[in-house]
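Data file: start_26.txt. Format and content: compact mmCIF, C-alpha atoms.
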# COMPACT_ATOMS: atom_id res chain seq x y z
CA MET D 1101 246.14 280.12 73.20
CA THR D 1102 249.76 280.35 72.09
CA HIS D 1103 251.04 277.31 70.21
CA TYR D 1104 254.60 275.99 70.40
CA PHE D 1105 256.50 273.19 68.74
CA GLY D 1106 258.89 271.53 71.13
CA PHE D 1107 260.32 268.39 72.68
CA VAL D 1108 262.00 267.49 75.95
CA PRO D 1109 265.78 267.48 75.41
CA SER D 1110 267.83 264.34 75.89
CA GLU D 1111 269.94 264.00 79.01
CA LYS D 1112 273.06 264.71 76.95
CA LEU D 1113 271.57 267.90 75.53
CA LYS D 1114 270.40 269.00 79.00
CA ALA D 1115 273.95 268.57 80.31
CA LEU D 1116 275.43 270.56 77.41
CA ILE D 1117 272.90 273.38 77.94
CA THR D 1118 273.77 273.58 81.65
CA GLU D 1119 277.50 273.50 80.94
CA ALA D 1120 277.30 276.23 78.29
CA GLU D 1121 275.15 278.46 80.49
CA GLN D 1122 277.58 278.10 83.40
CA VAL D 1123 280.58 278.95 81.21
CA VAL D 1124 278.97 282.07 79.73
CA GLU D 1125 277.47 283.33 83.00
CA SER D 1126 280.72 282.87 84.91
CA ASN D 1127 282.68 284.93 82.34
CA GLU D 1128 285.40 282.32 82.34
CA SER D 1129 288.40 283.20 80.22
CA VAL D 1130 287.92 280.25 77.89
CA ASP D 1131 286.84 279.95 74.28
CA TYR D 1132 283.07 279.72 73.95
CA TYR D 1133 282.91 278.30 70.45
CA PRO D 1134 283.57 274.63 71.39
CA TYR D 1135 280.59 274.77 73.76
CA ARG D 1136 278.43 276.45 71.10
CA ASP D 1137 279.45 273.86 68.51
CA ALA D 1138 278.78 270.88 70.79
CA LEU D 1139 275.42 272.33 71.78
CA THR D 1140 274.45 272.93 68.14
CA HIS D 1141 275.42 269.43 67.01
CA GLN D 1142 273.51 267.80 69.86
CA THR D 1143 270.44 269.96 69.26
CA ALA D 1144 270.47 268.77 65.64
CA ARG D 1145 270.76 265.14 66.77
CA ASP D 1146 267.87 265.57 69.18
CA LEU D 1147 265.74 267.11 66.43
CA ILE D 1148 266.43 264.22 64.07
CA ASP D 1149 265.80 261.67 66.82
CA ASN D 1150 262.44 263.23 67.67
CA LEU D 1151 261.21 264.05 64.17
CA LEU D 1152 262.49 260.98 62.32
CA VAL D 1153 264.19 258.23 64.33
CA GLY D 1154 261.24 257.89 66.68
CA LEU D 1155 258.93 257.29 63.72
CA VAL D 1156 260.50 253.97 62.77
CA ASP D 1157 258.63 252.09 65.49
CA THR D 1158 255.30 253.40 64.16
CA ILE D 1159 255.90 251.69 60.79
CA PRO D 1160 254.47 248.16 60.65
CA ASN D 1161 256.35 247.04 57.52
CA PRO D 1162 260.04 245.95 57.99
CA GLU D 1163 260.93 246.96 54.43
CA ARG D 1164 259.56 250.45 55.00
CA GLN D 1165 261.42 250.63 58.29
CA ALA D 1166 264.65 249.87 56.42
CA ALA D 1167 263.84 252.52 53.79
CA MET D 1168 263.11 255.03 56.55
CA ARG D 1169 266.46 254.34 58.19
CA LYS D 1170 268.21 255.07 54.88
CA VAL D 1171 266.37 258.39 54.62
CA ILE D 1172 267.37 259.24 58.20
CA GLY D 1173 270.99 258.54 57.30
CA THR D 1174 270.69 260.96 54.37
CA VAL D 1175 269.27 263.70 56.62
CA GLU D 1176 271.95 263.11 59.26
CA LYS D 1177 274.71 263.36 56.65
CA ALA D 1178 273.29 266.57 55.15
CA THR D 1179 272.95 268.09 58.62
CA ASP D 1180 276.48 267.18 59.67
CA THR D 1181 277.85 268.58 56.41
CA LEU D 1182 276.04 271.88 56.96
CA LEU D 1183 277.17 272.25 60.58
CA ASN D 1184 280.77 271.40 59.74
CA ILE D 1185 280.71 274.17 57.13
CA LEU D 1186 279.09 276.78 59.37
CA LEU D 1187 280.69 276.19 62.74
CA GLY D 1188 284.25 276.78 63.79
CA LYS D 1189 286.65 278.96 65.72
CA GLU D 1190 285.34 282.43 66.54
CA ASN D 1191 285.98 284.90 69.31
CA ASN D 1192 283.64 284.94 72.28
CA GLU D 1193 281.84 288.12 71.28
CA GLU D 1194 280.96 286.58 67.91
CA VAL D 1195 279.70 283.38 69.56
CA LEU D 1196 277.36 285.05 72.06
CA PRO D 1197 274.49 285.75 69.59
CA SER D 1198 274.25 282.01 68.90
CA PHE D 1199 274.12 281.24 72.62
CA HIS D 1200 271.44 283.87 73.09
CA PHE D 1201 269.39 282.38 70.26
CA LEU D 1202 269.58 278.87 71.70
CA ARG D 1203 268.74 280.15 75.18
CA ASP D 1204 266.04 282.71 74.38
CA ARG D 1205 264.51 281.72 71.04
CA ALA D 1206 264.96 277.94 70.92
CA THR D 1207 263.62 276.93 74.33
CA PHE D 1208 260.39 277.45 76.26
CA ILE D 1209 258.72 276.21 79.43
CA ASP D 1210 255.70 273.97 78.88
CA ASN D 1211 252.53 273.78 80.96
CA ASP D 1212 254.16 271.33 83.38
CA GLY D 1213 257.10 273.65 84.04
CA ILE D 1214 259.49 271.55 81.92
CA LYS D 1215 262.01 273.23 79.61
CA ARG D 1216 261.61 272.15 76.00
CA ILE D 1217 263.65 272.72 72.88
CA GLY D 1218 261.37 274.53 70.46
CA PHE D 1219 259.74 277.77 69.41
CA GLN D 1220 256.44 279.60 69.11
CA LEU D 1221 254.35 278.85 66.02
CA SER D 1222 252.54 281.51 64.06
CA ASP D 1223 248.75 281.49 64.35
CA LYS D 1224 248.47 280.41 60.71
CA ASP D 1225 250.85 277.46 61.08
CA ALA D 1226 249.27 276.45 64.39
CA MET D 1227 245.86 276.36 62.71
CA THR D 1228 247.19 274.21 59.85
CA ILE D 1229 248.83 271.77 62.24
CA ASP D 1230 245.79 271.56 64.53
CA LYS D 1231 243.54 270.93 61.52
CA GLY D 1232 245.85 268.19 60.26
CA PHE D 1233 246.03 266.36 63.57
CA ALA D 1234 242.26 266.64 64.00
CA ALA D 1235 241.89 264.97 60.60
CA ILE D 1236 243.24 261.69 61.99
CA THR D 1237 240.90 259.87 64.37
CA PRO D 1238 239.96 256.21 64.89
CA GLU D 1239 236.72 256.93 63.02
CA HIS D 1240 238.04 258.98 60.09
CA THR D 1241 241.35 259.78 58.37
CA ASP D 1242 242.14 262.57 55.93
CA MET D 1243 245.65 261.81 54.66
CA LYS D 1244 246.05 265.00 52.59
CA THR D 1245 245.22 267.36 55.45
CA PHE D 1246 247.43 265.40 57.84
CA LYS D 1247 250.36 265.43 55.42
CA THR D 1248 250.02 269.21 55.02
CA ALA D 1249 250.25 269.55 58.81
CA LEU D 1250 253.42 267.46 58.98
CA GLU D 1251 255.00 269.35 56.08
CA THR D 1252 254.20 272.65 57.79
CA MET D 1253 255.68 271.49 61.08
CA ASN D 1254 258.84 270.22 59.42
CA GLU D 1255 259.29 273.34 57.30
CA GLU D 1256 258.89 275.69 60.26
CA THR D 1257 261.28 273.60 62.34
CA LEU D 1258 263.93 273.72 59.62
CA THR D 1259 263.41 277.44 59.07
CA HIS D 1260 263.87 278.14 62.76
CA PHE D 1261 266.80 275.86 63.53
CA VAL D 1262 268.65 276.31 60.24
CA SER D 1263 267.80 279.65 58.63
CA ARG D 1264 267.12 281.78 61.72
CA TYR D 1265 269.93 280.20 63.71
CA ALA D 1266 272.37 280.74 60.83
CA GLU D 1267 271.61 284.46 61.03
CA THR D 1268 273.38 284.51 64.42
CA LEU D 1269 276.60 283.12 62.94
CA LYS D 1270 279.40 285.26 61.57
CA LEU D 1271 279.60 283.92 58.02
CA GLY D 1272 281.30 285.02 54.84
CA MET D 1273 279.42 285.27 51.58
CA ILE D 1274 280.21 281.72 50.42
CA LYS D 1275 279.19 280.09 53.70
CA ARG D 1276 276.08 282.27 53.90
CA LYS D 1277 275.02 281.08 50.44
CA SER D 1278 275.48 277.45 51.51
CA VAL D 1279 272.73 277.72 54.13
CA PRO D 1280 269.67 277.62 51.83
CA VAL D 1281 271.33 274.94 49.68
CA ALA D 1282 271.93 272.70 52.70
CA LYS D 1283 268.48 273.46 54.11
CA ALA D 1284 266.95 272.35 50.81
CA ALA D 1285 268.88 269.07 51.00
CA ILE D 1286 267.65 268.42 54.55
CA ASP D 1287 264.12 269.40 53.55
CA LYS D 1288 264.28 266.97 50.63
CA GLY D 1289 265.24 264.19 53.02
CA MET D 1290 262.37 265.05 55.35
CA SER D 1291 259.94 265.05 52.41
CA MET D 1292 261.28 261.67 51.27
CA ALA D 1293 260.60 260.35 54.75
CA LEU D 1294 256.98 261.46 54.63
CA ASN D 1295 256.48 260.17 51.10
CA LYS D 1296 257.92 256.78 52.03
CA LEU D 1297 256.02 256.62 55.29
CA LEU D 1298 252.50 257.85 54.62
CA PRO D 1299 251.29 256.11 51.43
CA ASP D 1300 249.16 253.04 52.09
CA LEU D 1301 249.54 253.21 55.88
CA PRO D 1302 246.49 251.59 57.48
CA ASP D 1303 244.28 253.80 59.61
CA THR D 1304 245.61 252.28 62.83
CA SER D 1305 249.18 253.21 61.86
CA LEU D 1306 248.12 256.73 60.86
CA ASN D 1307 246.59 257.14 64.30
CA ARG D 1308 249.81 255.90 65.94
CA LEU D 1309 251.73 258.41 63.82
CA ALA D 1310 249.45 261.29 64.79
CA ASN D 1311 249.64 260.30 68.45
CA TYR D 1312 253.44 260.26 68.19
CA TYR D 1313 253.51 263.85 66.92
CA ARG D 1314 250.74 265.37 69.05
CA PRO D 1315 252.87 265.83 72.21
CA PHE D 1316 255.25 268.08 70.22
CA ILE D 1317 252.55 270.74 69.93
CA VAL D 1318 252.09 272.62 73.20
CA LYS D 1319 249.20 275.01 73.75
CA LYS D 1320 249.78 277.58 76.47
CA PRO D 1321 247.20 280.05 77.80
CA GLU D 1322 248.15 283.62 76.94
Could you take the file, read its structure, and then write that structure out as structure tokens?
Amino acid sequence: MTHYFGFVPSEKLKALITEAEQVVESNESVDYYPYRDALTHQTARDLIDNLLVGLVDTIPNPERQAAMRKVIGTVEKATDTLLNILLGKENNEEVLPSFHFLRDRATFIDNDGIKRIGFQLSDKDAMTIDKGFAAITPEHTDMKTFKTALETMNEETLTHFVSRYAETLKLGMIKRKSVPVAKAAIDKGMSMALNKLLPDLPDTSLNRLANYYRPFIVKKPE
């Protein structure tokens, strides 16, 4: 089995993907970078919506929901700051590697023939995530193993969509150095979310949380 992390894109992201593909494939004499930038920003929004915003409804405590929303705001701000630093006007040849990454390395087709935004997991990470999700059942919960799985999933997602994607951008030395700094800020926000969410959650809520995340992991026959 090959394991992937991925989610079904929003209708807005689907439309932007189609539009960008049509522009590039038609060789229109227009600037590509506005399409690349819009696609990147929306991909980031979809990631945050799926990884964080959707979690709020799984939290039974209104105070924790409010705290979670504050953390989400922090992650959104850090992400917007990073993208505003990295993206901007470039010639079409310089933009193409980013398009190719988003098309070839940031999407896959799931077992139902649906295109998802995501990437292939390493065998090691897939094993860690599988073990963590298996640790949460109606009969038994192992918080530590589950938390390790979520941390692994979040870290790999950030590495792929921030670090690897940034490698496709034409950046000067200063902007290049800003990538790991911004990634660390986003990662801190994600960790805050887990630390605010997981402690003292009842077993029923932990199971809801695990069931929320399970559809993001796709296992495809090799």
ask   = Taking into account only C-alpha atoms, which residue in the set D:Met1101, D:Leu1306, D:Val1195, D:Met1290 is nearest to D:Arg1169?
value =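 For D:Arg1169, the nearest of the given residues is D:Met1290.
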inquiry  = Given all atoms listed in the file as the basis, pick out the residue of D:Leu1269, D:Val1156, D:Leu1309, D:Leu1113 nearest to D:Tyr1133.
reply    =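 Comparing D:Leu1269, D:Val1156, D:Leu1309, D:Leu1113 against D:Tyr1133, the winner is D:Leu1269.
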inquiry  = Just checking: using all atoms listed in the file, which residue out of D:Asp1212, D:Glu1194, D:Asp1146, D:Glu1128 ends up closest to D:Glu1111?
reply    =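 When distances to D:Glu1111 are compared using all atoms listed in the file, the smallest one comes from D:Asp1146.
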Box along x, y and z, 8 Å on every side, all listed atoms of stretch 1153-1159 of chain D inside: centre and edge lengths in Å to one decimal, as JSON.
{"center_x": 259.7, "center_y": 255.0, "center_z": 63.7, "size_x": 24.9, "size_y": 22.5, "size_z": 21.9}
key: For D:Met1168, the nearest of the candidates D:Leu1297, D:Ala1284, D:Ala1310, D:Met1273, counting only C-alpha atoms   =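 Checking each of D:Leu1297, D:Ala1284, D:Ala1310, D:Met1273 against D:Met1168, counting only C-alpha atoms, the winner is D:Leu1297.
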remark   = D:Gln1165 proximity check over D:Ile1274, D:Ile1185, D:Val1153, D:Ile1229, using only C-alpha atoms: winner is D:Val1153
task = Find the residues around D:Ser1278 up to 12 Å (only C-alpha atoms counted), leave out those fewer than 3 positions away in its own chain, and share them as a ChimeraX atom specification.
result = /D:1178,1181-1186,1262-1263,1266,1271-1275,1281-1285
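Residues surrounding stretch 1129-1132 of chain D within 9 Å are Ala1120, Val1123, Val1124, Asp1137, Lys1189, Glu1190, Asn1191, Asn1192, Glu1193, Val1195 and Leu1196 of chain D [only C-alpha atoms; sequence separation below 5 positions excluded].
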key: Residue nearest D:Leu1116 - candidates D:Val1175, D:Lys1170, D:Lys1319, D:Phe1199, atoms counted: only C-alpha atoms   =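 Going through D:Val1175, D:Lys1170, D:Lys1319, D:Phe1199 one by one, the smallest distance to D:Leu1116 is for D:Phe1199.
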So that I can check the surroundings of D:Met1253, please list as a PDB file with C-alpha atoms, in the coordinates of the input every protein, DNA and RNA residue that reaches within 10 Å of it, counting all atoms listed in the file and ignoring chain neighbours fewer than 4 positions away.
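Full text of part15.pdb as output:
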ATOM      1  CA  PHE D1105     256.500 273.190  68.740  1.00  0.00           C
ATOM      2  CA  LEU D1151     261.210 264.050  64.170  1.00  0.00           C
ATOM      3  CA  LEU D1221     254.350 278.850  66.020  1.00  0.00           C
ATOM      4  CA  ASP D1225     250.850 277.460  61.080  1.00  0.00           C
ATOM      5  CA  ALA D1226     249.270 276.450  64.390  1.00  0.00           C
ATOM      6  CA  THR D1228     247.190 274.210  59.850  1.00  0.00           C
ATOM      7  CA  ILE D1229     248.830 271.770  62.240  1.00  0.00           C
ATOM      8  CA  LYS D1247     250.360 265.430  55.420  1.00  0.00           C
ATOM      9  CA  THR D1248     250.020 269.210  55.020  1.00  0.00           C
ATOM     10  CA  ALA D1249     250.250 269.550  58.810  1.00  0.00           C
ATOM     11  CA  THR D1257     261.280 273.600  62.340  1.00  0.00           C
ATOM     12  CA  LEU D1258     263.930 273.720  59.620  1.00  0.00           C
ATOM     13  CA  THR D1259     263.410 277.440  59.070  1.00  0.00           C
ATOM     14  CA  TYR D1313     253.510 263.850  66.920  1.00  0.00           C
ATOM     15  CA  PHE D1316     255.250 268.080  70.220  1.00  0.00           C
ATOM     16  CA  ILE D1317     252.550 270.740  69.930  1.00  0.00           C
TER      17      ILE D1317
END
query = To one decimal place, how far is atom CA of D:Lys1231 from atom CA of D:Leu1250 in Å?
reply =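 The value is 10.8 Å.
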key: Who sits within 7 Å of D:Lys1320, all atoms listed in the file, same chain under 5 positions skipped, as a list in words   =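 With the cut-off at 7 Å, the set is Met1101, Thr1102, His1103 and Asn1211 of chain D.
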request  = Dig up all the protein and nucleic acid residues within 12 Å of (248.6, 259.0, 57.8) in the file frame, using all atoms listed in the file, and format them as a ChimeraX atom specification.
outcome  = /D:1158-1159,1232-1238,1240-1250,1294-1313
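One distance worth recording is that between atom CA of D:Gln1142 and atom CA of D:Ile1117, which is 9.8 Å.
Take atom CA of D:Leu1152 and atom CA of D:Thr1174: the distance between them is 11.4 Å.
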With N, CA and C atoms as the goal, would you fill in the gaps in stretch 1239-1272 of chain D and present it as a PDB file, in the coordinates of the input?
ATOM      1  N   GLU D1239     237.910 257.042  63.860  1.00  0.00           N
ATOM      2  CA  GLU D1239     236.720 256.930  63.020  1.00  0.00           C
ATOM      3  C   GLU D1239     236.930 257.438  61.599  1.00  0.00           C
ATOM      4  N   HIS D1240     237.902 258.339  61.408  1.00  0.00           N
ATOM      5  CA  HIS D1240     238.040 258.980  60.090  1.00  0.00           C
ATOM      6  C   HIS D1240     239.480 259.444  59.901  1.00  0.00           C
ATOM      7  N   THR D1241     240.005 259.289  58.685  1.00  0.00           N
ATOM      8  CA  THR D1241     241.350 259.780  58.370  1.00  0.00           C
ATOM      9  C   THR D1241     241.331 260.568  57.074  1.00  0.00           C
ATOM     10  N   ASP D1242     241.990 261.716  57.112  1.00  0.00           N
ATOM     11  CA  ASP D1242     242.140 262.570  55.930  1.00  0.00           C
ATOM     12  C   ASP D1242     243.647 262.739  55.702  1.00  0.00           C
ATOM     13  N   MET D1243     244.212 261.859  54.868  1.00  0.00           N
ATOM     14  CA  MET D1243     245.650 261.810  54.660  1.00  0.00           C
ATOM     15  C   MET D1243     246.212 263.141  54.148  1.00  0.00           C
ATOM     16  N   LYS D1244     245.532 263.767  53.196  1.00  0.00           N
ATOM     17  CA  LYS D1244     246.050 265.000  52.590  1.00  0.00           C
ATOM     18  C   LYS D1244     246.187 266.112  53.616  1.00  0.00           C
ATOM     19  N   THR D1245     245.180 266.298  54.450  1.00  0.00           N
ATOM     20  CA  THR D1245     245.220 267.360  55.450  1.00  0.00           C
ATOM     21  C   THR D1245     246.291 267.067  56.503  1.00  0.00           C
ATOM     22  N   PHE D1246     246.416 265.800  56.865  1.00  0.00           N
ATOM     23  CA  PHE D1246     247.430 265.400  57.840  1.00  0.00           C
ATOM     24  C   PHE D1246     248.832 265.616  57.283  1.00  0.00           C
ATOM     25  N   LYS D1247     249.046 265.256  56.032  1.00  0.00           N
ATOM     26  CA  LYS D1247     250.360 265.430  55.420  1.00  0.00           C
ATOM     27  C   LYS D1247     250.735 266.916  55.359  1.00  0.00           C
ATOM     28  N   THR D1248     249.767 267.770  55.040  1.00  0.00           N
ATOM     29  CA  THR D1248     250.020 269.210  55.020  1.00  0.00           C
ATOM     30  C   THR D1248     250.472 269.699  56.390  1.00  0.00           C
ATOM     31  N   ALA D1249     249.863 269.169  57.444  1.00  0.00           N
ATOM     32  CA  ALA D1249     250.250 269.550  58.810  1.00  0.00           C
ATOM     33  C   ALA D1249     251.687 269.149  59.103  1.00  0.00           C
ATOM     34  N   LEU D1250     252.061 267.931  58.732  1.00  0.00           N
ATOM     35  CA  LEU D1250     253.420 267.460  58.980  1.00  0.00           C
ATOM     36  C   LEU D1250     254.439 268.253  58.168  1.00  0.00           C
ATOM     37  N   GLU D1251     254.094 268.550  56.919  1.00  0.00           N
ATOM     38  CA  GLU D1251     255.000 269.350  56.080  1.00  0.00           C
ATOM     39  C   GLU D1251     255.185 270.739  56.669  1.00  0.00           C
ATOM     40  N   THR D1252     254.109 271.323  57.175  1.00  0.00           N
ATOM     41  CA  THR D1252     254.200 272.650  57.790  1.00  0.00           C
ATOM     42  C   THR D1252     255.069 272.617  59.028  1.00  0.00           C
ATOM     43  N   MET D1253     254.881 271.613  59.867  1.00  0.00           N
ATOM     44  CA  MET D1253     255.680 271.490  61.080  1.00  0.00           C
ATOM     45  C   MET D1253     257.157 271.309  60.763  1.00  0.00           C
ATOM     46  N   ASN D1254     257.450 270.455  59.801  1.00  0.00           N
ATOM     47  CA  ASN D1254     258.840 270.220  59.420  1.00  0.00           C
ATOM     48  C   ASN D1254     259.479 271.470  58.823  1.00  0.00           C
ATOM     49  N   GLU D1255     258.754 272.149  57.954  1.00  0.00           N
ATOM     50  CA  GLU D1255     259.290 273.340  57.300  1.00  0.00           C
ATOM     51  C   GLU D1255     259.589 274.437  58.322  1.00  0.00           C
ATOM     52  N   GLU D1256     258.669 274.662  59.250  1.00  0.00           N
ATOM     53  CA  GLU D1256     258.890 275.690  60.260  1.00  0.00           C
ATOM     54  C   GLU D1256     260.039 275.330  61.188  1.00  0.00           C
ATOM     55  N   THR D1257     260.170 274.045  61.494  1.00  0.00           N
ATOM     56  CA  THR D1257     261.280 273.600  62.340  1.00  0.00           C
ATOM     57  C   THR D1257     262.614 273.836  61.652  1.00  0.00           C
ATOM     58  N   LEU D1258     262.697 273.488  60.369  1.00  0.00           N
ATOM     59  CA  LEU D1258     263.930 273.720  59.620  1.00  0.00           C
ATOM     60  C   LEU D1258     264.230 275.206  59.488  1.00  0.00           C
ATOM     61  N   THR D1259     263.207 275.992  59.197  1.00  0.00           N
ATOM     62  CA  THR D1259     263.410 277.440  59.070  1.00  0.00           C
ATOM     63  C   THR D1259     263.964 278.023  60.349  1.00  0.00           C
ATOM     64  N   HIS D1260     263.425 277.580  61.489  1.00  0.00           N
ATOM     65  CA  HIS D1260     263.870 278.140  62.760  1.00  0.00           C
ATOM     66  C   HIS D1260     265.287 277.695  63.119  1.00  0.00           C
ATOM     67  N   PHE D1261     265.525 276.385  63.044  1.00  0.00           N
ATOM     68  CA  PHE D1261     266.800 275.860  63.530  1.00  0.00           C
ATOM     69  C   PHE D1261     267.920 275.892  62.501  1.00  0.00           C
ATOM     70  N   VAL D1262     267.597 276.157  61.255  1.00  0.00           N
ATOM     71  CA  VAL D1262     268.650 276.310  60.240  1.00  0.00           C
ATOM     72  C   VAL D1262     268.756 277.773  59.819  1.00  0.00           C
ATOM     73  N   SER D1263     267.710 278.304  59.202  1.00  0.00           N
ATOM     74  CA  SER D1263     267.800 279.650  58.630  1.00  0.00           C
ATOM     75  C   SER D1263     267.946 280.730  59.697  1.00  0.00           C
ATOM     76  N   ARG D1264     267.057 280.732  60.689  1.00  0.00           N
ATOM     77  CA  ARG D1264     267.120 281.780  61.720  1.00  0.00           C
ATOM     78  C   ARG D1264     268.369 281.639  62.581  1.00  0.00           C
ATOM     79  N   TYR D1265     268.723 280.401  62.904  1.00  0.00           N
ATOM     80  CA  TYR D1265     269.930 280.200  63.710  1.00  0.00           C
ATOM     81  C   TYR D1265     271.170 280.645  62.938  1.00  0.00           C
ATOM     82  N   ALA D1266     271.213 280.353  61.642  1.00  0.00           N
ATOM     83  CA  ALA D1266     272.370 280.740  60.830  1.00  0.00           C
ATOM     84  C   ALA D1266     272.571 282.246  60.813  1.00  0.00           C
ATOM     85  N   GLU D1267     271.490 283.001  60.985  1.00  0.00           N
ATOM     86  CA  GLU D1267     271.610 284.460  61.030  1.00  0.00           C
ATOM     87  C   GLU D1267     272.442 284.940  62.210  1.00  0.00           C
ATOM     88  N   THR D1268     272.589 284.117  63.246  1.00  0.00           N
ATOM     89  CA  THR D1268     273.380 284.510  64.420  1.00  0.00           C
ATOM     90  C   THR D1268     274.859 284.219  64.230  1.00  0.00           C
ATOM     91  N   LEU D1269     275.213 283.511  63.163  1.00  0.00           N
ATOM     92  CA  LEU D1269     276.600 283.120  62.940  1.00  0.00           C
ATOM     93  C   LEU D1269     277.323 284.158  62.084  1.00  0.00           C
ATOM     94  N   LYS D1270     278.585 284.342  62.362  1.00  0.00           N
ATOM     95  CA  LYS D1270     279.400 285.260  61.570  1.00  0.00           C
ATOM     96  C   LYS D1270     279.922 284.492  60.358  1.00  0.00           C
ATOM     97  N   LEU D1271     279.290 284.693  59.213  1.00  0.00           N
ATOM     98  CA  LEU D1271     279.600 283.920  58.020  1.00  0.00           C
ATOM     99  C   LEU D1271     280.030 284.822  56.870  1.00  0.00           C
ATOM    100  N   GLY D1272     280.957 284.331  56.073  1.00  0.00           N
ATOM    101  CA  GLY D1272     281.300 285.020  54.840  1.00  0.00           C
ATOM    102  C   GLY D1272     280.249 284.755  53.789  1.00  0.00           C
TER     103      GLY D1272
END
